[in-house]
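To be precise, the following lines are final-v1.cif, and they hold mmCIF, C-alpha atoms and all ligand atoms.
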```cif
data_structure
#
loop_
_atom_site.label_atom_id
_atom_site.label_comp_id
_atom_site.auth_asym_id
_atom_site.auth_seq_id
_atom_site.Cartn_x
_atom_site.Cartn_y
_atom_site.Cartn_z
CA MET A 1 12.33 -3.58 -7.50
CA SER A 2 9.03 -5.30 -8.28
CA LYS A 3 9.65 -8.66 -6.61
CA THR A 4 6.60 -9.64 -4.58
CA ILE A 5 5.84 -12.14 -1.83
CA PHE A 6 2.26 -13.33 -1.35
CA VAL A 7 1.36 -15.04 1.93
CA LEU A 8 -2.01 -16.81 1.86
CA LEU A 9 -3.02 -17.64 5.45
CA ASP A 10 -5.53 -20.41 4.90
CA ALA A 11 -8.79 -19.68 6.78
CA CYS A 12 -7.48 -16.65 8.70
CA GLY A 13 -10.57 -14.54 9.36
CA TYR A 14 -10.50 -10.77 9.63
CA GLU A 15 -11.37 -10.56 13.34
CA ALA A 16 -8.76 -13.09 14.46
CA ALA A 17 -6.08 -11.44 12.32
CA THR A 18 -6.87 -8.05 13.82
CA GLU A 19 -6.86 -9.42 17.35
CA TYR A 20 -3.72 -11.55 17.18
CA LEU A 21 -1.38 -10.46 14.34
CA GLY A 22 0.19 -7.83 16.57
CA TYR A 23 3.37 -7.23 14.57
CA LEU A 24 1.47 -6.59 11.34
CA GLU A 25 -0.96 -4.28 13.16
CA HIS A 26 2.04 -2.44 14.63
CA MET A 27 3.50 -1.90 11.17
CA VAL A 28 0.15 -0.49 9.97
CA ASP A 29 -0.15 1.76 13.04
CA CYS A 30 3.34 3.12 12.28
CA GLU A 31 2.33 3.74 8.64
CA LEU A 32 4.87 1.22 7.38
CA ALA A 33 2.17 -0.99 5.81
CA ALA A 34 -1.43 -0.75 4.62
CA LYS A 35 -4.38 -2.72 5.94
CA TYR A 36 -7.75 -3.43 4.33
CA LYS A 37 -10.77 -5.55 5.21
CA VAL A 38 -11.60 -7.88 2.33
CA ARG A 39 -15.12 -9.11 1.61
CA GLY A 40 -14.44 -12.63 0.39
CA GLU A 41 -15.93 -14.11 -2.75
CA LEU A 42 -18.20 -17.19 -2.70
CA PRO A 43 -18.25 -20.04 -2.11
CA SER A 44 -15.93 -19.38 0.86
CA MET A 45 -14.08 -22.64 0.26
CA SER A 46 -10.41 -23.32 -0.31
CA ARG A 47 -9.91 -24.51 -3.88
CA PRO A 48 -12.46 -22.10 -5.43
CA MET A 49 -10.90 -19.19 -3.53
CA TYR A 50 -7.32 -20.15 -4.41
CA GLU A 51 -8.39 -19.82 -8.04
CA THR A 52 -10.34 -16.60 -7.43
CA VAL A 53 -7.48 -14.96 -5.53
CA LEU A 54 -4.86 -15.96 -8.10
CA THR A 55 -6.92 -15.26 -11.27
CA GLY A 56 -9.11 -12.35 -10.14
CA VAL A 57 -12.31 -13.88 -11.53
CA PRO A 58 -15.29 -15.35 -9.62
CA SER A 59 -16.20 -19.02 -9.33
CA HIS A 60 -18.94 -18.97 -11.98
CA VAL A 61 -16.31 -17.80 -14.49
CA HIS A 62 -13.31 -19.97 -13.56
CA GLY A 63 -15.42 -23.05 -12.90
CA ILE A 64 -13.62 -24.25 -9.74
CA THR A 65 -16.95 -24.32 -7.93
CA CYS A 66 -16.03 -26.67 -5.08
CA ASN A 67 -13.03 -28.48 -3.63
CA GLU A 68 -13.87 -31.56 -5.69
CA VAL A 69 -13.13 -29.93 -9.08
CA ILE A 70 -9.61 -31.28 -9.58
CA ARG A 71 -8.08 -29.86 -12.73
CA LEU A 72 -5.65 -27.26 -13.98
CA SER A 73 -6.79 -23.64 -14.08
CA ASN A 74 -8.00 -22.57 -17.52
CA GLN A 75 -7.75 -18.84 -16.70
CA LYS A 76 -5.04 -16.20 -16.88
CA SER A 77 -3.46 -16.29 -13.40
CA ILE A 78 -0.68 -14.50 -11.55
CA PHE A 79 1.51 -17.46 -12.40
CA SER A 80 0.67 -17.49 -16.13
CA ILE A 81 0.98 -13.71 -16.50
CA CYS A 82 4.37 -13.84 -14.75
CA LYS A 83 5.50 -16.50 -17.23
CA ASP A 84 4.19 -14.46 -20.20
CA ALA A 85 6.22 -11.49 -18.92
CA GLY A 86 9.38 -13.52 -18.39
CA LEU A 87 9.21 -13.39 -14.58
CA SER A 88 10.10 -16.39 -12.43
CA THR A 89 7.65 -17.90 -9.92
CA GLY A 90 7.90 -19.94 -6.73
CA ALA A 91 5.55 -21.46 -4.19
CA ALA A 92 5.65 -23.30 -0.90
CA ALA A 93 2.02 -24.34 -0.82
CA TYR A 94 -0.67 -26.98 -0.41
CA SER A 95 -0.84 -29.56 -3.20
CA TRP A 96 -4.06 -28.01 -4.58
CA ILE A 97 -1.97 -25.03 -5.74
CA SER A 98 0.20 -27.44 -7.70
CA GLU A 99 -2.96 -29.03 -9.11
CA LEU A 100 -4.26 -25.67 -10.33
CA TYR A 101 -1.04 -24.38 -11.92
CA ASN A 102 1.42 -27.24 -12.46
CA ARG A 103 -0.17 -30.67 -12.82
CA ALA A 104 -3.43 -32.41 -11.91
CA PRO A 105 -3.98 -34.72 -10.20
CA PHE A 106 -1.11 -34.25 -7.74
CA ASN A 107 1.42 -37.09 -7.70
CA LYS A 108 3.18 -37.04 -4.33
CA TYR A 109 6.08 -39.13 -5.67
CA GLU A 110 6.89 -36.68 -8.47
CA ASP A 111 5.31 -33.33 -7.67
CA ARG A 112 6.28 -32.60 -4.05
CA ILE A 113 9.56 -30.88 -4.94
CA GLN A 114 9.73 -28.93 -8.20
CA LEU A 115 13.07 -27.30 -8.91
CA THR A 116 13.20 -27.52 -12.70
CA PRO A 117 11.33 -24.73 -14.52
CA GLY A 118 9.20 -25.75 -17.48
CA LYS A 119 7.01 -28.39 -15.86
CA GLY A 120 4.17 -25.95 -15.15
CA LEU A 121 3.47 -22.31 -14.39
CA ILE A 122 5.24 -22.51 -11.01
CA ASP A 123 8.97 -22.68 -11.70
CA TYR A 124 10.08 -23.65 -8.20
CA GLY A 125 7.75 -25.35 -5.74
CA VAL A 126 7.64 -27.40 -2.58
CA PHE A 127 4.14 -28.77 -2.02
CA TYR A 128 2.55 -30.63 0.92
CA TRP A 129 -0.66 -32.63 1.14
CA ASP A 130 -1.13 -33.38 4.87
CA ASP A 131 -3.35 -30.62 6.26
CA ASP A 132 -1.35 -30.57 9.50
CA TYR A 133 1.99 -29.92 7.78
CA VAL A 134 3.92 -27.73 10.23
CA ASP A 135 3.83 -24.00 9.37
CA SER A 136 7.40 -23.36 10.51
CA HIS A 137 8.64 -25.99 8.05
CA LEU A 138 6.40 -24.64 5.28
CA PHE A 139 7.93 -21.20 5.64
CA MET A 140 11.44 -22.63 5.56
CA ASP A 141 10.53 -24.63 2.42
CA GLY A 142 9.65 -21.27 0.93
CA GLU A 143 12.80 -19.62 2.22
CA PHE A 144 14.88 -22.35 0.57
CA ILE A 145 13.23 -21.54 -2.76
CA ARG A 146 13.41 -17.78 -2.29
CA LYS A 147 17.06 -17.69 -1.21
CA THR A 148 18.22 -20.24 -3.80
CA TYR A 149 16.30 -19.05 -6.88
CA GLN A 150 15.15 -15.49 -6.02
CA PRO A 151 11.81 -15.80 -7.87
CA ASP A 152 10.08 -12.58 -8.87
CA PHE A 153 6.79 -13.87 -7.42
CA MET A 154 6.91 -16.10 -4.35
CA MET A 155 3.88 -17.58 -2.57
CA TYR A 156 3.79 -19.01 0.97
CA HIS A 157 0.66 -20.93 1.96
CA PRO A 158 0.40 -22.36 5.51
CA MET A 159 -2.59 -24.49 6.59
CA SER A 160 -2.62 -24.82 10.39
CA ILE A 161 -5.17 -22.05 11.05
CA ASP A 162 -7.68 -23.90 8.86
CA VAL A 163 -7.03 -27.18 10.66
CA SER A 164 -7.58 -25.79 14.16
CA GLY A 165 -10.59 -23.81 12.94
CA HIS A 166 -12.29 -26.96 11.64
CA ALA A 167 -11.48 -28.88 14.81
CA PHE A 168 -12.40 -26.25 17.41
CA GLY A 169 -14.26 -23.35 15.70
CA SER A 170 -13.24 -19.73 15.30
CA ASP A 171 -14.14 -18.77 18.88
CA SER A 172 -11.75 -21.33 20.34
CA ARG A 173 -8.49 -20.79 22.16
CA GLU A 174 -6.91 -23.25 19.70
CA TYR A 175 -7.85 -21.22 16.59
CA ALA A 176 -6.72 -17.98 18.23
CA GLY A 177 -3.49 -19.66 19.31
CA ASN A 178 -2.76 -20.77 15.76
CA VAL A 179 -3.33 -17.26 14.39
CA ALA A 180 -1.05 -15.90 17.12
CA SER A 181 1.64 -18.48 16.32
CA MET A 182 1.38 -17.53 12.64
CA GLY A 183 1.98 -13.95 13.73
CA TYR A 184 5.25 -14.94 15.38
CA LEU A 185 6.45 -16.73 12.24
CA ILE A 186 5.55 -13.75 10.06
CA ALA A 187 7.15 -11.26 12.44
CA ASP A 188 10.36 -13.27 12.21
CA LEU A 189 10.35 -13.25 8.39
CA VAL A 190 8.97 -9.89 7.25
CA PRO A 191 11.99 -7.73 8.23
CA GLY A 192 14.31 -9.94 6.17
CA TRP A 193 11.92 -9.95 3.21
CA LEU A 194 11.76 -6.14 3.30
CA GLU A 195 15.55 -5.93 3.59
CA ASP A 196 15.86 -8.11 0.49
CA GLY A 197 13.65 -5.64 -1.41
CA TYR A 198 10.45 -7.66 -1.64
CA GLN A 199 6.99 -6.14 -1.59
CA ILE A 200 4.69 -8.23 0.60
CA VAL A 201 0.97 -9.01 0.41
CA ILE A 202 -0.60 -11.03 3.24
CA SER A 203 -4.21 -12.19 3.08
CA ALA A 204 -6.44 -15.27 3.27
CA ASP A 205 -8.70 -17.34 1.05
CA HIS A 206 -11.67 -17.32 3.47
CA GLY A 207 -12.43 -17.15 7.18
CA MET A 208 -14.01 -19.64 9.59
CA ASP A 209 -17.16 -19.66 11.71
CA ASN A 210 -17.66 -20.72 15.31
CA LYS A 211 -19.05 -24.09 14.20
CA GLY A 212 -15.76 -24.87 12.44
CA LEU A 213 -17.18 -24.34 8.95
CA HIS A 214 -16.55 -22.14 5.93
CA CYS A 215 -18.41 -22.19 2.61
CA GLY A 216 -21.21 -19.67 3.16
CA ILE A 217 -21.98 -16.00 3.42
CA THR A 218 -21.54 -14.87 7.02
CA ASP A 219 -18.91 -12.28 7.95
CA SER A 220 -16.83 -14.77 9.89
CA GLN A 221 -16.64 -17.08 6.84
CA ARG A 222 -16.02 -14.32 4.29
CA ASN A 223 -14.15 -11.40 5.81
CA VAL A 224 -10.36 -11.67 5.65
CA PRO A 225 -7.49 -9.26 6.27
CA LEU A 226 -5.21 -7.72 3.65
CA TYR A 227 -1.82 -6.32 4.65
CA ILE A 228 0.37 -4.67 1.99
CA PHE A 229 4.02 -3.61 2.22
CA SER A 230 4.89 -1.71 -0.95
CA PRO A 231 6.34 1.66 -1.91
CA LEU A 232 3.51 1.87 -4.46
CA VAL A 233 0.64 1.95 -1.95
CA GLU A 234 -0.41 4.44 0.71
CA ASN A 235 0.25 3.11 4.19
CA GLY A 236 -2.16 3.14 7.12
CA HIS A 237 -5.60 1.83 8.05
CA PHE A 238 -8.22 1.53 5.27
CA GLU A 239 -10.52 -1.05 6.85
CA GLU A 240 -13.72 0.99 7.14
CA THR A 241 -15.17 0.01 3.77
CA PRO A 242 -14.56 -3.64 2.83
CA VAL A 243 -12.93 -4.17 -0.56
CA SER A 244 -13.63 -7.00 -2.98
CA GLN A 245 -11.44 -10.09 -2.95
CA LEU A 246 -11.30 -9.72 -6.75
CA ASN A 247 -8.74 -6.95 -6.12
CA MET A 248 -6.10 -9.45 -5.04
CA ALA A 249 -4.91 -10.67 -8.47
CA PRO A 250 -4.79 -7.25 -10.18
CA LEU A 251 -3.07 -5.85 -7.07
CA LEU A 252 -0.36 -8.50 -7.30
CA CYS A 253 0.00 -7.81 -11.05
CA HIS A 254 0.35 -4.10 -10.36
CA LEU A 255 3.04 -4.61 -7.72
CA LEU A 256 4.91 -7.00 -10.02
CA GLY A 257 4.73 -4.50 -12.88
CA ILE A 258 2.93 -6.92 -15.19
CA PRO A 259 -0.36 -6.36 -17.04
CA ALA A 260 -3.59 -7.52 -15.40
CA SER A 261 -5.74 -9.88 -17.46
CA LYS A 262 -8.71 -8.39 -19.31
CA ASP A 263 -11.05 -10.26 -16.95
CA MET A 264 -9.64 -8.72 -13.75
CA ILE A 265 -11.42 -5.77 -12.13
CA GLU A 266 -10.02 -2.23 -12.16
CA LEU A 267 -8.10 -1.37 -9.00
CA LYS A 268 -10.38 1.40 -7.72
CA GLU A 269 -10.53 0.38 -4.06
CA ILE A 270 -6.82 0.26 -3.21
CA HIS A 271 -5.09 3.55 -2.39
CA PHE A 272 -1.94 3.99 -4.46
CA LYS A 273 0.62 6.76 -4.04
ZN ZN B 301 -10.97 -25.36 5.52
#
```
File written out as structure tokens:
Amino acid sequence: MSKTIFVLLDACGYEAATEYLGYLEHMVDCELAAKYKVRGELPSMSRPMYETVLTGVPSHVHGITCNEVIRLSNQKSIFSICKDAGLSTGAAAYSWISELYNRAPFNKYEDRIQLTPGKGLIDYGVFYWDDDYVDSHLFMDGEFIRKTYQPDFMMYHPMSIDVSGHAFGSDSREYAGNVASMGYLIADLVPGWLEDGYQIVISADHGMDNKGLHCGITDSQRNVPLYIFSPLVENGHFEETPVSQLNMAPLLCHLLGIPASKDMIELKEIHFK
């Protein structure tokens, strides 16, 4: 079984994840999952990092250098490699994901719900554009896709951590509360995903600093968690030496059993069985 779920927790920094994602930390402690600290790529902004995480190449190569570059990806991505290999893809995600891999600019009248393969690289998608779209609904949008169409690669992309981070900063009770709430939603879903035979990768695009910003180089803006549930990887804690965010795309390719693109880095930092 190579089916893989990818959860991208927008703006979930490494420290907050470690402090508040108790269920995931429990699974790592019990050697039922692996955990890494990821040194994020730059700029630590959303749209550039969506493209970096999903293509495995840095901003100066893929050209999505800021949030204002609104166009389709011109790189090999997880979605395009899945399509080349005959695998199906799904996403419950922010509209910028649709803009990178299905159609740009996003048309809310036509692109919100995508259930007919062939209109882009994402076969089945439900996309939102309000930053405060409720996480619990986002996950159930994804569950509708996953249970109805059983895509080989399924992405879930909630936004509320980013919203509270911008409003209150990463040291706030509100940001911590949103990370904690995300933990409850994930703890409710992961057992069922594992039972259905999915591998699971949970990470983030970038972190957040105490001023409510992310775009720069500090640890709080860059460092993000990586949790992996897969029979292919060694379980346990591997956080001591941060790994590059460029590992994310080739890691997903490896779990899916599809070839990495020639531009992706070699997977030397992840411990496989
Ligand atoms: Zn943000």
Could you check the closest approach to A:Thr89 for each of A:Tyr149, A:Phe106, A:Phe139, A:Phe127 and tell me which residue wins, using only C-alpha atoms?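 Ranking A:Tyr149, A:Phe106, A:Phe139, A:Phe127 by distance to A:Thr89, first place goes to A:Tyr149.
Nearest to A:Leu138 of all the residues A:Leu121, A:Val7, A:Ile270, A:Val61 is A:Val7, counting only C-alpha atoms.
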Could you jot down the atom CA of A:Ala249 to atom CA of A:Val201 separation for me, Å, one decimal place? 10.8 Å
With ligand ZN 301 (chain B) as the partner and 7 Å as the cut-off, tabulate the residues of chain A that qualify, each row holding the nearest pair of atoms and their distance in Å to one decimal, using all atoms listed in the file, sorted by chain and rising number, as JSON lines.
```
{"residue": "A:Ala11", "atom": "CA", "partner": "B:ZN301", "partner_atom": "ZN", "distance": 6.2}
{"residue": "A:Met45", "atom": "CA", "partner": "B:ZN301", "partner_atom": "ZN", "distance": 6.7}
{"residue": "A:Ser46", "atom": "CA", "partner": "B:ZN301", "partner_atom": "ZN", "distance": 6.2}
{"residue": "A:Asp162", "atom": "CA", "partner": "B:ZN301", "partner_atom": "ZN", "distance": 4.9}
{"residue": "A:Val163", "atom": "CA", "partner": "B:ZN301", "partner_atom": "ZN", "distance": 6.7}
{"residue": "A:His166", "atom": "CA", "partner": "B:ZN301", "partner_atom": "ZN", "distance": 6.5}
{"residue": "A:His214", "atom": "CA", "partner": "B:ZN301", "partner_atom": "ZN", "distance": 6.5}
```
Quick one: residues within 7 Å of (-0.5, 0.9, 1.6) (file frame), counting all atoms listed in the file, please, as a ChimeraX atom specification. /A:33-35,228-230,233-236,271-272
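The nearest approach to A:Met154 among the residues A:Tyr109, A:Phe6, A:Tyr184, A:Tyr198, with all atoms listed in the file taken into account, belongs to A:Phe6.
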One number please: atom CA of A:Tyr101 to atom CA of A:Ala260, in Å, one decimal.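 So the two atoms, atom CA of A:Tyr101 and atom CA of A:Ala260, lie 17.4 Å apart.
Here atom CA of A:Gly142 is placed at a distance of 18.2 Å from atom CA of A:Leu252.
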Just give me the residues with any atom within 9 Å of (4.1, -24.7, -0.8), file coordinates, counting all atoms listed in the file, written as a PyMOL selection string. chain A and resi 90-95+97-98+112+125-128+138-139+141-142+155-158
Between A:Asp152, A:Glu99, A:Glu15, A:Asp132, single out the one closest to A:Val179, counting all atoms listed in the file.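 Going through A:Asp152, A:Glu99, A:Glu15, A:Asp132 one by one, the smallest distance to A:Val179 is for A:Glu15.
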Go through A:Ala16, A:Leu9, A:Glu51, A:Phe153 and flag the residue nearest A:Arg173, using only C-alpha atoms for the distances.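 Among the listed residues, A:Ala16 lies closest to A:Arg173.
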Let me have the centre and edge lengths in Å, one decimal, of the box along x, y and z around every listed atom of stretch 169-178 of chain A with 8 Å of margin on each side, as JSON.
```
{"center_x": -8.5, "center_y": -20.7, "center_z": 18.7, "size_x": 27.5, "size_y": 21.4, "size_z": 22.9}
```
For a quick check of understanding, using only C-alpha atoms, which of A:Leu87, A:Leu213, A:Glu239, A:Ser160 has the smallest distance to A:Ser2?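 Residue with the minimum atom-to-atom distance to A:Ser2: A:Leu87.
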Which residues are close to A:Gly120, i.e. within 9 Å by all atoms listed in the file, leaving aside same-chain residues fewer than 2 positions away? Reply as a list of chain:residue names.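 These residues fall inside the cut-off: A:Ser98, A:Tyr101, A:Asn102, A:Arg103, A:Pro117, A:Gly118, A:Ile122, A:Asp123.
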Just the residues within 9 Å of stretch 62-64 of chain A, please, counting only C-alpha atoms, with nothing from its chain fewer than 4 positions along; format it as an MDAnalysis selection string. chainID A and resid 47:49 51:52 55 57:58 68:71 73:75
